[in-house]
Structure formats: structure tokens, C-alpha cells
$ cat final.pdb   # PDB, C-alpha atoms
ATOM      1  CA  MET A  13      31.929   2.208 -14.076
ATOM      2  CA  ILE A  14      33.874  -0.331 -12.045
ATOM      3  CA  LEU A  15      31.925  -3.176 -10.445
ATOM      4  CA  LEU A  16      33.418  -4.243  -7.128
ATOM      5  CA  ASP A  17      34.143  -7.932  -6.661
ATOM      6  CA  SER A  18      31.971  -9.847  -4.204
ATOM      7  CA  TYR A  19      34.890 -11.906  -2.868
ATOM      8  CA  ASN A  20      37.790 -10.938  -0.617
ATOM      9  CA  LYS A  21      41.047 -10.417  -2.500
ATOM     10  CA  ILE A  22      43.288 -10.984   0.522
ATOM     11  CA  ILE A  23      41.775 -14.384   1.261
ATOM     12  CA  GLU A  24      42.038 -15.293  -2.407
ATOM     13  CA  SER A  25      45.719 -14.388  -2.753
ATOM     14  CA  THR A  26      46.718 -15.866   0.630
ATOM     15  CA  LEU A  27      45.080 -19.240  -0.019
ATOM     16  CA  ARG A  28      46.274 -19.412  -3.622
ATOM     17  CA  ASP A  29      49.864 -18.868  -2.535
ATOM     18  CA  ALA A  30      49.484 -21.471   0.208
ATOM     19  CA  PHE A  31      47.982 -24.075  -2.128
ATOM     20  CA  GLU A  32      50.583 -23.525  -4.844
ATOM     21  CA  SER A  33      53.567 -23.655  -2.493
ATOM     22  CA  GLU A  34      55.542 -26.896  -2.614
ATOM     23  CA  GLN A  35      56.696 -26.385   0.979
ATOM     24  CA  PRO A  36      53.777 -25.187   3.188
ATOM     25  CA  GLU A  37      54.601 -22.304   5.484
ATOM     26  CA  THR A  38      52.901 -20.979   8.608
ATOM     27  CA  ILE A  39      50.291 -18.268   8.020
ATOM     28  CA  ASN A  40      49.055 -15.505  10.301
ATOM     29  CA  VAL A  41      46.990 -12.977   8.372
ATOM     30  CA  THR A  42      44.274 -10.609   9.609
ATOM     31  CA  ALA A  43      42.153  -8.933   6.953
ATOM     32  CA  ALA A  44      39.193  -6.555   6.857
ATOM     33  CA  ASP A  45      36.352  -6.451   4.388
ATOM     34  CA  PHE A  46      33.507  -4.058   3.648
ATOM     35  CA  ASP A  47      30.762  -3.618   6.273
ATOM     36  CA  GLY A  48      33.071  -4.122   9.262
ATOM     37  CA  VAL A  49      33.719  -7.817   8.563
ATOM     38  CA  THR A  50      37.093  -9.176   9.704
ATOM     39  CA  TYR A  51      38.928 -12.393   8.848
ATOM     40  CA  THR A  52      41.845 -14.296  10.303
ATOM     41  CA  ILE A  53      43.809 -16.878   8.317
ATOM     42  CA  VAL A  54      46.177 -18.898  10.475
ATOM     43  CA  THR A  55      47.967 -22.221  10.765
ATOM     44  CA  PRO A  56      47.351 -22.966  14.475
ATOM     45  CA  ASP A  57      49.817 -25.854  14.642
ATOM     46  CA  LYS A  58      53.260 -24.895  13.359
ATOM     47  CA  THR A  59      54.204 -28.556  13.039
ATOM     48  CA  ARG A  60      51.363 -29.038  10.538
ATOM     49  CA  PRO A  61      51.361 -25.969   8.261
ATOM     50  CA  ASN A  62      49.097 -27.763   5.789
ATOM     51  CA  GLU A  63      46.130 -27.254   8.149
ATOM     52  CA  ILE A  64      44.704 -23.755   7.595
ATOM     53  CA  VAL A  65      41.931 -22.146   9.652
ATOM     54  CA  VAL A  66      39.885 -19.305   8.172
ATOM     55  CA  SER A  67      37.577 -17.510  10.590
ATOM     56  CA  MET A  68      35.164 -14.629  10.048
ATOM     57  CA  HIS A  69      33.632 -12.173  12.485
ATOM     58  CA  MET A  70      30.476 -10.432  11.249
ATOM     59  CA  GLY A  71      28.455  -8.167  13.515
ATOM     60  CA  CYS A  72      25.127  -9.014  11.893
ATOM     61  CA  TYR A  73      25.622 -12.789  11.795
ATOM     62  CA  PRO A  74      23.149 -13.501  14.660
ATOM     63  CA  GLU A  75      20.466 -11.818  12.536
ATOM     64  CA  LEU A  76      21.476 -13.838   9.474
ATOM     65  CA  GLN A  77      21.160 -17.034  11.511
ATOM     66  CA  ARG A  78      17.441 -16.369  11.894
ATOM     67  CA  TYR A  79      17.116 -16.440   8.114
ATOM     68  CA  GLY A  80      19.007 -19.686   7.538
ATOM     69  CA  ALA A  81      22.645 -18.602   7.255
ATOM     70  CA  ASP A  82      23.900 -21.701   9.118
ATOM     71  CA  ASP A  83      22.150 -24.073   6.717
ATOM     72  CA  MET A  84      23.330 -22.001   3.759
ATOM     73  CA  LEU A  85      26.969 -22.320   4.826
ATOM     74  CA  ARG A  86      26.673 -26.043   5.634
ATOM     75  CA  LYS A  87      25.335 -26.624   2.135
ATOM     76  CA  GLU A  88      28.030 -24.498   0.503
ATOM     77  CA  TYR A  89      31.114 -25.605   2.460
ATOM     78  CA  ASP A  90      30.187 -29.118   3.631
ATOM     79  CA  SER A  91      33.268 -30.714   5.250
ATOM     80  CA  LEU A  92      35.241 -27.452   5.256
ATOM     81  CA  LEU A  93      32.857 -25.905   7.787
ATOM     82  CA  HIS A  94      34.165 -26.370  11.326
ATOM     83  CA  SER A  95      31.787 -24.201  13.394
ATOM     84  CA  VAL A  96      29.176 -21.471  13.018
ATOM     85  CA  GLY A  97      27.552 -18.983  15.309
ATOM     86  CA  SER A  98      29.955 -18.994  18.219
ATOM     87  CA  GLY A  99      29.068 -15.334  18.743
ATOM     88  CA  GLY A 100      30.624 -12.762  21.042
ATOM     89  CA  ASP A 101      32.265  -9.429  20.339
ATOM     90  CA  SER A 102      35.693 -10.848  19.562
ATOM     91  CA  SER A 103      35.162 -14.528  18.752
ATOM     92  CA  ALA A 104      34.602 -15.816  15.231
ATOM     93  CA  ASP A 105      31.099 -16.375  13.883
ATOM     94  CA  VAL A 106      32.187 -18.783  11.146
ATOM     95  CA  VAL A 107      35.255 -21.049  11.125
ATOM     96  CA  LEU A 108      36.515 -23.085   8.169
ATOM     97  CA  LYS A 109      39.278 -25.699   8.335
ATOM     98  CA  ILE A 110      41.225 -26.572   5.193
ATOM     99  CA  ASP A 111      43.844 -29.263   4.669
ATOM    100  CA  SER A 112      46.050 -28.184   1.755
ATOM    101  CA  LYS A 113      47.189 -31.791   1.302
ATOM    102  CA  ALA A 114      43.633 -33.078   0.821
ATOM    103  CA  LEU A 115      42.363 -30.646  -1.806
ATOM    104  CA  PRO A 116      40.506 -31.651  -4.988
ATOM    105  CA  GLU A 117      42.191 -31.300  -8.365
ATOM    106  CA  ASP A 118      40.428 -27.987  -8.932
ATOM    107  CA  LYS A 119      42.111 -26.012  -6.156
ATOM    108  CA  GLU A 120      40.943 -22.714  -7.614
ATOM    109  CA  SER A 121      37.309 -23.591  -6.874
ATOM    110  CA  VAL A 122      38.182 -23.979  -3.177
ATOM    111  CA  VAL A 123      39.990 -20.625  -3.213
ATOM    112  CA  LYS A 124      36.993 -18.854  -4.755
ATOM    113  CA  LYS A 125      34.521 -20.591  -2.470
ATOM    114  CA  VAL A 126      36.355 -19.539   0.696
ATOM    115  CA  ALA A 127      36.915 -15.996  -0.625
ATOM    116  CA  HIS A 128      33.119 -15.706  -1.010
ATOM    117  CA  LEU A 129      32.509 -16.490   2.671
ATOM    118  CA  LYS A 130      30.931 -13.137   3.546
ATOM    119  CA  ARG A 131      28.886 -13.123   0.339
ATOM    120  CA  ASN A 132      27.475 -16.580   1.046
ATOM    121  CA  ALA A 133      26.546 -15.667   4.627
ATOM    122  CA  LEU A 134      24.740 -12.511   3.498
ATOM    123  CA  ALA A 135      22.910 -14.491   0.809
ATOM    124  CA  ALA A 136      20.651 -16.248   3.352
ATOM    125  CA  PRO A 137      17.774 -13.698   3.478
ATOM    126  CA  PHE A 138      17.844 -13.292  -0.307
ATOM    127  CA  GLU A 139      17.656 -17.052  -0.870
ATOM    128  CA  ARG A 140      14.742 -17.330   1.552
ATOM    129  CA  ALA A 141      12.904 -14.494  -0.207
ATOM    130  CA  PHE A 142      13.516 -15.938  -3.680
ATOM    131  CA  ASN A 143      12.314 -19.395  -2.613
ATOM    132  CA  ALA A 144       9.184 -17.922  -1.053
ATOM    133  CA  GLN A 145       8.369 -15.898  -4.165
ATOM    134  CA  ILE A 146       8.862 -18.907  -6.463
ATOM    135  CA  ALA A 147       6.423 -20.840  -4.249
ATOM    136  CA  GLY A 148       3.919 -17.998  -4.614
ATOM    137  CA  GLU A 149       4.163 -17.008  -0.961
ATOM    138  CA  SER A 150       4.976 -13.829   0.922
ATOM    139  CA  SER A 151       7.728 -13.651   3.520
ATOM    140  CA  GLU A 152       8.297 -11.609   6.626
ATOM    141  CA  LEU A 153      10.198  -8.341   6.358
ATOM    142  CA  MET A 154      13.763  -9.553   6.992
ATOM    143  CA  THR A 155      15.971  -6.933   8.632
ATOM    144  CA  VAL A 156      19.781  -7.013   8.675
ATOM    145  CA  ASN A 157      21.796  -4.325  10.502
ATOM    146  CA  TYR A 158      24.853  -4.878   8.342
ATOM    147  CA  ARG A 159      26.626  -1.608   9.251
ATOM    148  CA  ASP A 160      26.495   0.961  12.031
ATOM    149  CA  GLU A 161      23.344   3.040  11.491
ATOM    150  CA  GLU A 162      22.618   1.278   8.176
ATOM    151  CA  ILE A 163      20.143  -1.521   7.455
ATOM    152  CA  PHE A 164      18.891  -3.498   4.504
ATOM    153  CA  PHE A 165      15.456  -5.091   4.291
ATOM    154  CA  VAL A 166      14.326  -8.022   2.141
ATOM    155  CA  GLN A 167      10.742  -9.162   1.612
ATOM    156  CA  ALA A 168       9.073 -11.538  -0.828
ATOM    157  CA  GLN A 169       5.633 -10.741  -2.196
ATOM    158  CA  ALA A 170       3.344 -12.618  -4.533
ATOM    159  CA  ASP A 171       4.879 -11.179  -7.713
ATOM    160  CA  ARG A 172       8.193  -9.663  -6.651
ATOM    161  CA  VAL A 173      11.022  -9.455  -4.137
ATOM    162  CA  THR A 174      11.703  -6.041  -2.639
ATOM    163  CA  VAL A 175      15.140  -5.071  -1.307
ATOM    164  CA  ILE A 176      15.530  -1.763   0.536
ATOM    165  CA  PHE A 177      18.819  -0.189   1.605
ATOM    166  CA  SER A 178      19.084   2.621   4.108
ATOM    167  CA  THR A 179      22.357   4.472   3.698
ATOM    168  CA  THR A 180      23.820   7.287   5.759
ATOM    169  CA  PHE A 181      25.814  10.189   4.337
ATOM    170  CA  LYS A 182      27.949  11.602   7.141
ATOM    171  CA  ASP A 183      29.406  14.343   4.962
ATOM    172  CA  GLU A 184      27.358  17.122   3.361
ATOM    173  CA  THR A 185      29.234  16.783   0.079
ATOM    174  CA  ASP A 186      28.635  13.030   0.049
ATOM    175  CA  ARG A 187      24.924  13.640   0.539
ATOM    176  CA  ILE A 188      24.785  15.918  -2.527
ATOM    177  CA  PHE A 189      26.793  13.516  -4.682
ATOM    178  CA  GLY A 190      24.717  10.593  -3.427
ATOM    179  CA  LYS A 191      21.447  12.309  -4.294
ATOM    180  CA  VAL A 192      22.598  12.960  -7.858
ATOM    181  CA  PHE A 193      23.995   9.447  -8.207
ATOM    182  CA  LEU A 194      20.872   7.716  -6.868
ATOM    183  CA  GLN A 195      18.542   9.863  -8.937
ATOM    184  CA  GLU A 196      20.501   8.767 -12.001
ATOM    185  CA  PHE A 197      19.734   5.142 -11.065
ATOM    186  CA  VAL A 198      16.046   5.978 -11.215
ATOM    187  CA  ASP A 199      16.249   7.981 -14.459
ATOM    188  CA  ALA A 200      18.540   5.528 -16.286
ATOM    189  CA  ARG A 201      15.929   2.775 -16.233
ATOM    190  CA  ARG A 202      13.698   4.858 -18.506
ATOM    191  CA  GLN A 203      16.058   4.167 -21.359
ATOM    192  CA  PRO A 204      14.670   1.506 -23.729
ATOM    193  CA  SER A 205      17.901  -0.508 -23.659
ATOM    194  CA  ILE A 206      17.608  -1.362 -19.943
ATOM    195  CA  GLN A 207      13.876  -1.707 -19.477
ATOM    196  CA  ASN A 208      14.384  -5.242 -18.141
ATOM    197  CA  ALA A 209      16.608  -4.066 -15.273
ATOM    198  CA  PRO A 210      15.189  -4.102 -11.738
ATOM    199  CA  GLN A 211      13.057  -1.139 -10.849
ATOM    200  CA  VAL A 212      14.870   1.383  -8.626
ATOM    201  CA  LEU A 213      13.142   3.887  -6.322
ATOM    202  CA  TYR A 214      14.923   6.611  -4.370
ATOM    203  CA  SER A 215      13.497   8.211  -1.243
ATOM    204  CA  PRO A 216      15.502  10.878   0.630
ATOM    205  CA  ARG A 217      14.878  10.875   4.386
ATOM    206  CA  GLU A 218      11.318   9.486   4.280
ATOM    207  CA  PRO A 219      11.070   5.658   4.428
ATOM    208  CA  PRO A 220       9.221   3.912   1.568
ATOM    209  CA  LEU A 221       5.735   2.518   2.088
ATOM    210  CA  GLU A 222       7.043  -0.981   2.832
ATOM    211  CA  LEU A 223       8.793   0.358   5.948
ATOM    212  CA  ARG A 224       6.003   2.509   7.344
ATOM    213  CA  GLY A 225       5.375   1.431  10.912
ATOM    214  CA  VAL A 226       8.762  -0.290  11.344
ATOM    215  CA  ALA A 227      10.206   0.639  14.728
ATOM    216  CA  GLY A 228      13.682   2.045  15.191
ATOM    217  CA  LEU A 229      14.060   3.944  11.909
ATOM    218  CA  ARG A 230      16.022   7.179  12.289
ATOM    219  CA  ASP A 231      14.692  10.470  10.946
ATOM    220  CA  SER A 232      17.561  12.516   9.560
ATOM    221  CA  GLU A 233      18.475  14.508   6.465
ATOM    222  CA  ASN A 234      21.598  12.377   6.102
ATOM    223  CA  ILE A 235      19.624   9.156   5.518
ATOM    224  CA  ALA A 236      18.354   7.978   2.146
ATOM    225  CA  TYR A 237      16.426   4.863   1.119
ATOM    226  CA  VAL A 238      16.955   2.966  -2.121
ATOM    227  CA  THR A 239      14.453   0.304  -3.158
ATOM    228  CA  PHE A 240      15.162  -2.439  -5.690
ATOM    229  CA  VAL A 241      12.218  -4.390  -7.065
ATOM    230  CA  LEU A 242      13.260  -7.812  -8.388
ATOM    231  CA  PHE A 243      10.803  -9.732 -10.547
ATOM    232  CA  PRO A 244      10.932 -13.506 -11.179
ATOM    233  CA  ARG A 245      12.858 -13.016 -14.430
ATOM    234  CA  HIS A 246      15.770 -11.602 -12.413
ATOM    235  CA  PHE A 247      16.307 -14.857 -10.473
ATOM    236  CA  ALA A 248      14.705 -17.461 -12.733
ATOM    237  CA  THR A 249      17.848 -19.610 -13.040
ATOM    238  CA  GLU A 250      20.575 -20.545 -10.584
ATOM    239  CA  GLU A 251      23.117 -18.373 -12.407
ATOM    240  CA  LEU A 252      20.803 -15.346 -12.448
ATOM    241  CA  ARG A 253      20.065 -15.858  -8.774
ATOM    242  CA  ARG A 254      23.743 -15.930  -7.817
ATOM    243  CA  ASP A 255      24.519 -12.853  -9.911
ATOM    244  CA  ALA A 256      21.548 -10.922  -8.492
ATOM    245  CA  ILE A 257      22.568 -11.668  -4.902
ATOM    246  CA  SER A 258      26.246 -10.865  -5.486
ATOM    247  CA  ARG A 259      25.560  -7.543  -7.181
ATOM    248  CA  ILE A 260      22.821  -6.259  -4.916
ATOM    249  CA  GLN A 261      24.883  -7.028  -1.812
ATOM    250  CA  MET A 262      27.632  -4.734  -3.078
ATOM    251  CA  PHE A 263      25.301  -1.827  -3.832
ATOM    252  CA  ARG A 264      26.135   0.229  -0.750
ATOM    253  CA  ASP A 265      29.885  -0.196  -1.199
ATOM    254  CA  TYR A 266      29.531   0.465  -4.941
ATOM    255  CA  LEU A 267      27.645   3.695  -4.220
ATOM    256  CA  HIS A 268      30.124   5.120  -1.718
ATOM    257  CA  TYR A 269      33.120   3.959  -3.769
ATOM    258  CA  HIS A 270      31.942   5.921  -6.793
ATOM    259  CA  ILE A 271      31.059   8.953  -4.666
ATOM    260  CA  LYS A 272      34.677   9.030  -3.462
ATOM    261  CA  CYS A 273      35.946   8.532  -7.031
ATOM    262  CA  SER A 274      33.743  11.423  -8.221
ATOM    263  CA  LYS A 275      35.096  13.683  -5.481
ATOM    264  CA  ALA A 276      38.678  12.725  -6.345
ATOM    265  CA  TYR A 277      38.005  13.474 -10.029
ATOM    266  CA  MET A 278      36.461  16.869  -9.191
ATOM    267  CA  HIS A 279      39.423  17.757  -6.985
ATOM    268  CA  SER A 280      41.904  16.823  -9.702
ATOM    269  CA  ARG A 281      40.014  18.962 -12.231
ATOM    270  CA  MET A 282      39.938  21.898  -9.812
ATOM    271  CA  ARG A 283      43.676  21.597  -9.155
ATOM    272  CA  ALA A 284      44.345  21.492 -12.902
ATOM    273  CA  ARG A 285      42.182  24.594 -13.421
ATOM    274  CA  VAL A 286      43.959  26.497 -10.615
ATOM    275  CA  ASP A 287      47.327  25.616 -12.178
ATOM    276  CA  SER A 288      46.152  26.961 -15.545
ATOM    277  CA  PHE A 289      44.927  30.184 -13.911
ATOM    278  CA  LEU A 290      48.283  30.648 -12.168
ATOM    279  CA  LYS A 291      50.084  30.266 -15.493
ATOM    280  CA  VAL A 292      47.840  32.938 -17.035
ATOM    281  CA  LEU A 293      48.517  35.300 -14.117
ATOM    282  CA  ASN A 294      52.249  34.731 -14.362
ATOM    283  CA  ARG A 295      52.191  35.516 -18.058
ATOM    284  CA  ALA A 296      50.167  38.675 -17.367
ATOM    285  CA  LYS A 297      52.780  40.245 -15.030
ATOM    286  CA  PRO A 298      54.017  43.520 -16.594
ATOM    287  CA  GLU A 299      57.726  43.843 -17.250
ATOM    288  CA  LYS A 300      59.719  46.410 -15.309
ATOM    289  CA  PRO A 301      60.938  49.496 -17.203
ATOM    290  CA  ASP A 302      64.596  49.551 -18.265
ATOM    291  CA  ASP A 303      65.624  51.998 -15.544
ATOM    292  CA  GLN A 304      64.325  49.613 -12.838
ATOM    293  CA  LYS A 305      65.858  46.426 -14.165
ATOM    294  CA  GLU A 306      68.871  44.977 -12.428
ATOM    295  CA  LYS A 307      71.965  44.628 -14.595
ATOM    296  CA  LYS A 308      75.014  42.531 -13.869
ATOM    297  CA  THR A 309      78.613  42.732 -14.982
ATOM    298  CA  ALA A 310      80.591  39.792 -16.343
ATOM    299  CA  SER A 311      81.889  39.132 -12.842
ATOM    300  CA  GLY A 312      78.358  38.871 -11.410
ATOM    301  CA  ARG A 313      78.180  42.282  -9.715
ATOM    302  CA  THR A 314      74.912  44.127  -9.843
ATOM    303  CA  PHE A 315      74.728  47.808 -10.728
ATOM    304  CA  LYS A 316      71.962  50.291 -11.393
ATOM    305  CA  MET A 317      71.757  52.899 -14.114
ATOM    306  CA  ARG A 318      71.728  56.496 -12.792
TER     307      ARG A 318
END

$ encode --input "final.pdb" --output "C-alpha cells"
Amino acid sequence: MILLDSYNKIIESTLRDAFESEQPETINVTAADFDGVTYTIVTPDKTRPNEIVVSMHMGCYPELQRYGADDMLRKEYDSLLHSVGSGGDSSADVVLKIDSKALPEDKESVVKKVAHLKRNALAAPFERAFNAQIAGESSELMTVNYRDEEIFFVQAQADRVTVIFSTTFKDETDRIFGKVFLQEFVDARRQPSIQNAPQVLYSPREPPLELRGVAGLRDSENIAYVTFVLFPRHFATEELRRDAISRIQMFRDYLHYHIKCSKAYMHSRMRARVDSFLKVLNRAKPEKPDDQKEKKTASGRTFKMR
């Protein structure tokens, strides 16, 4: 199956083209990402096209700020970070300023770093949970309303970090596909080859034990809960930690992407089967008897035998 990238392709291609261009040009690009995140990439001063501003609006950023998102971005972007947390429905939550004439030799690293802006902001609660678990402490239940009607929860415990996604299936067919898909996540871990993978628990409609008593949870047949249990071996090194955060963030998008791909595949198979049935029916049509067949002369006139 395809694994979705954790960075934004439009930001990547736009900045790469800008950095590689010998003659900088003005930029005005608006892009959307998963989870309702929007970006703008502009050169505010047309007389200085080398100065590029990348801004991001994320609905859940005020919640991420409580878990250290501002400090996370300051550490990651350093001098590139212009402002954070301006808030508002239309204003940007994070703003980066880049001077294409003052880039390091490895320009590609800057491109990748900026393209991972949303990923790095969402990493804050995971980093806090991992640090707490490594210190042998428990953390609060961190709640992030990252989509309309959908939430993920992160909590560190003495021996593990638990991540819970609530996902909503607005279509009845999606709900059936999602149930089969998520149950396969649970069953696949029983295979000996992937025993070291994180434990996955699936709970349709009813919240898992970790969420009992949490206010504001909706009770509906269209809601399902998926729990990932990460043990210290899953984030023991810096590389493992980055990979774990990047992949688990994309779980919801990965799930719905493959549900849509499965539906498209089923529809294509059904269309192919209908076409084959129509061919069979066409071949099964009986031929008319000779006295009912139309016959034509050399000039194209039609006549009937009497």
C-alpha cells in the first residue's frame, strides 16, 4: 500500500523552483493540506523577490501551543521563524521568512524543513509524551481537535505512550470499508513477522477505557476509535522518534485515502463485469429467420421477399 508523505508537495516544488531560479520572480501561491490546513507563499515586496514569506493557518494550533508547539518550531526553524500564534479565523498561525540569497549550501534541507511545517507543529504533543515516558513519568491526556468532529488524544504512561484517533465515517459505505480495514490492522499484528509493531486496538462507537469520563465525546454509529500503543522501543532513537511521529500523524489520511482507493477499485471491477455481461447478452441474441431479414440491391435499395 502507498504511504502518504508527511510534507506538503506544493510548498516543496514552489520553494525548490524559487531557490534554483537564477532570476528570482514574485510568488503568490495558496495551497491546502490535509486536516483543513492552508498555506500562503508570497513575496510581499515585488522589488525584493528574494524575500519569501510562508504562512500557515491551522485550526487546532491554539491547542498545540499548550503542548509546546511554539518552542518546537523555534527549535526547528530558528532564524527562519518570524511569528507564531497570531491566531484568528483568517490570520496565519505560523509565519516563516526566507531570504533566497542567504541560504546555506544545502538548499534542499531548507526546502524539506519548510515543507514539513504542519508535521513539525503537530509533533508537539507527541514529543512531550515521549519525553515524559523516557523520564518514567505520566502525562496529562492531551487533546487535539485536528479536524471537524475528529480528535486525537496522546498520553504518556509509565511503560508506554497511547495515541487514540476518533474518526468519523459520513458515508455508510465508508463505514463498512473502514470497519474491515481497521479490523485488518488488529488482525495483521498477530503475524509473527510484525510482532514488534505497535499494538492496535479498534473500538466502533464506544470510546476506549482511556477516554471514559472525557467530556464532549459524541455517541454515534459513524464514529470509530483506533488506539495505538507505542512502547519505548518504538521511539528509542531520534530517527525512530521522527519516523513514529510522521507516520502516526498521517494515519487518518492514510485510512480514508485507501478507503477511497478500495471503492474506486470495486467500481472499476463492477464496470468491467457489467461490460462482460453485456457482451455475453449481445452474443446470445437469436438471428432473425431468412424471411424477416432485410436484403439490399447493389444500388442500396431495400426489398423484402414475398

$ resolve_selection --input "final.pdb" --expression "the PyMOL selection byres ((chain A and resi 166-175) around 8)" --output "list in words"
Pro137, Phe138, Ala141, Phe142, Ala144, Gln145, Gly148, Glu149, Ser150, Ser151, Glu152, Leu153, Met154, Thr155, Phe164, Phe165, Ile176, Phe177, Thr239, Phe240, Val241, Leu242, Phe243 and Pro244 of chain A

$ closest_residue --input "final.pdb" --among "A:Gln207, A:Ser103, A:Asn132, A:Asn143" --to "A:Arg254" --atoms "all atoms listed in the file"
A:Asn132

$ residues_near_point --input "final.pdb" --point "(13.0, 5.5, 8.7)" --cutoff "6 Å" --atoms "only C-alpha atoms" --output "count of residues only"
4

$ atom_distance --input "final.pdb" --atom1 "atom CA of A:Thr55" --atom2 "atom CA of A:Ala81"
25.8 Å

$ atom_distance --input "final.pdb" --atom1 "atom CA of A:Ala133" --atom2 "atom CA of A:His94"
14.7 Å

$ residues_around --input "final.pdb" --residues "A:Thr38" --least-positions-apart "2" --cutoff "9 Å" --atoms "all atoms listed in the file" --output "PDB file with C-alpha atoms, in the coordinates of the input"
ATOM      1  CA  PRO A  36      53.777 -25.187   3.188  1.00  0.00           C
ATOM      2  CA  ASN A  40      49.055 -15.505  10.301  1.00  0.00           C
ATOM      3  CA  VAL A  54      46.177 -18.898  10.475  1.00  0.00           C
ATOM      4  CA  THR A  55      47.967 -22.221  10.765  1.00  0.00           C
ATOM      5  CA  PRO A  56      47.351 -22.966  14.475  1.00  0.00           C
ATOM      6  CA  ASP A  57      49.817 -25.854  14.642  1.00  0.00           C
ATOM      7  CA  LYS A  58      53.260 -24.895  13.359  1.00  0.00           C
ATOM      8  CA  THR A  59      54.204 -28.556  13.039  1.00  0.00           C
ATOM      9  CA  ARG A  60      51.363 -29.038  10.538  1.00  0.00           C
ATOM     10  CA  PRO A  61      51.361 -25.969   8.261  1.00  0.00           C
ATOM     11  CA  ASN A  62      49.097 -27.763   5.789  1.00  0.00           C
ATOM     12  CA  ILE A  64      44.704 -23.755   7.595  1.00  0.00           C
TER      13      ILE A  64
END

$ atom_distance --input "final.pdb" --atom1 "atom CA of A:His128" --atom2 "atom CA of A:Asp17"
9.7 Å

$ resolve_selection --input "final.pdb" --expression "the PyMOL selection byres ((chain A and resi 131) around 8)" --output "MDAnalysis selection string"
chainID A and resid 18:19 128:130 132:135 258 261

$ closest_atom_pairs --input "final.pdb" --of "stretch 103-188 of chain A" --to "stretch 271-284 of chain A" --cutoff "10 Å" --atoms "only C-alpha atoms" --output "tab-separated table"
residue	atom	partner	partner_atom	distance
A:Thr185	CA	A:Lys275	CA	8.7
A:Asp186	CA	A:Ile271	CA	6.7
A:Arg187	CA	A:Ile271	CA	9.3
A:Ile188	CA	A:Ile271	CA	9.6

$ resolve_selection --input "final.pdb" --expression "the PyMOL selection byres ((chain A and resi 218) around 10)" --output "list of chain:residue names"
A:Tyr214, A:Ser215, A:Pro216, A:Arg217, A:Pro219, A:Pro220, A:Leu221, A:Leu223, A:Arg224, A:Leu229, A:Arg230, A:Asp231, A:Ser232, A:Glu233, A:Ile235, A:Ala236, A:Tyr237

$ closest_residue --input "final.pdb" --among "A:Val238, A:Val192, A:Ala43, A:Val198" --to "A:Ile260" --atoms "only C-alpha atoms"
A:Val238

$ closest_residue --input "final.pdb" --among "A:Val226, A:Phe189, A:Leu194, A:Leu85" --to "A:Phe263" --atoms "all atoms listed in the file"
A:Leu194

$ residues_around --input "final.pdb" --residues "A:Asp160" --least-positions-apart "5" --cutoff "10 Å" --atoms "only C-alpha atoms" --output "ChimeraX atom specification"
/A:47-48,71,179-180

$ closest_residue --input "final.pdb" --among "A:Glu250, A:Asp287, A:Glu32, A:Glu196" --to "A:Asp118" --atoms "all atoms listed in the file"
A:Glu32

$ closest_residue --input "final.pdb" --among "A:Asp82, A:Lys109, A:Asn20, A:Ser205" --to "A:Phe46" --atoms "all atoms listed in the file"
A:Asn20

$ residues_around --input "final.pdb" --residues "A:Ser121" --least-positions-apart "4" --cutoff "12 Å" --atoms "all atoms listed in the file" --output "number ranges by chain"
A: 24, 27-28, 31, 88-89, 115-117, 125-128

$ write_last_selection --input "final.pdb" --atoms "C-alpha atoms" --output "CSV table (one decimal), in the frame of the given file"
chain,number,residue,atom,x,y,z
A,24,GLU,CA,42.0,-15.3,-2.4
A,27,LEU,CA,45.1,-19.2,0.0
A,28,ARG,CA,46.3,-19.4,-3.6
A,31,PHE,CA,48.0,-24.1,-2.1
A,88,GLU,CA,28.0,-24.5,0.5
A,89,TYR,CA,31.1,-25.6,2.5
A,115,LEU,CA,42.4,-30.6,-1.8
A,116,PRO,CA,40.5,-31.7,-5.0
A,117,GLU,CA,42.2,-31.3,-8.4
A,125,LYS,CA,34.5,-20.6,-2.5
A,126,VAL,CA,36.4,-19.5,0.7
A,127,ALA,CA,36.9,-16.0,-0.6
A,128,HIS,CA,33.1,-15.7,-1.0

$ closest_residue --input "final.pdb" --among "A:Gln203, A:Asn157, A:Ser288, A:Asn208" --to "A:Ser178" --atoms "only C-alpha atoms"
A:Asn157
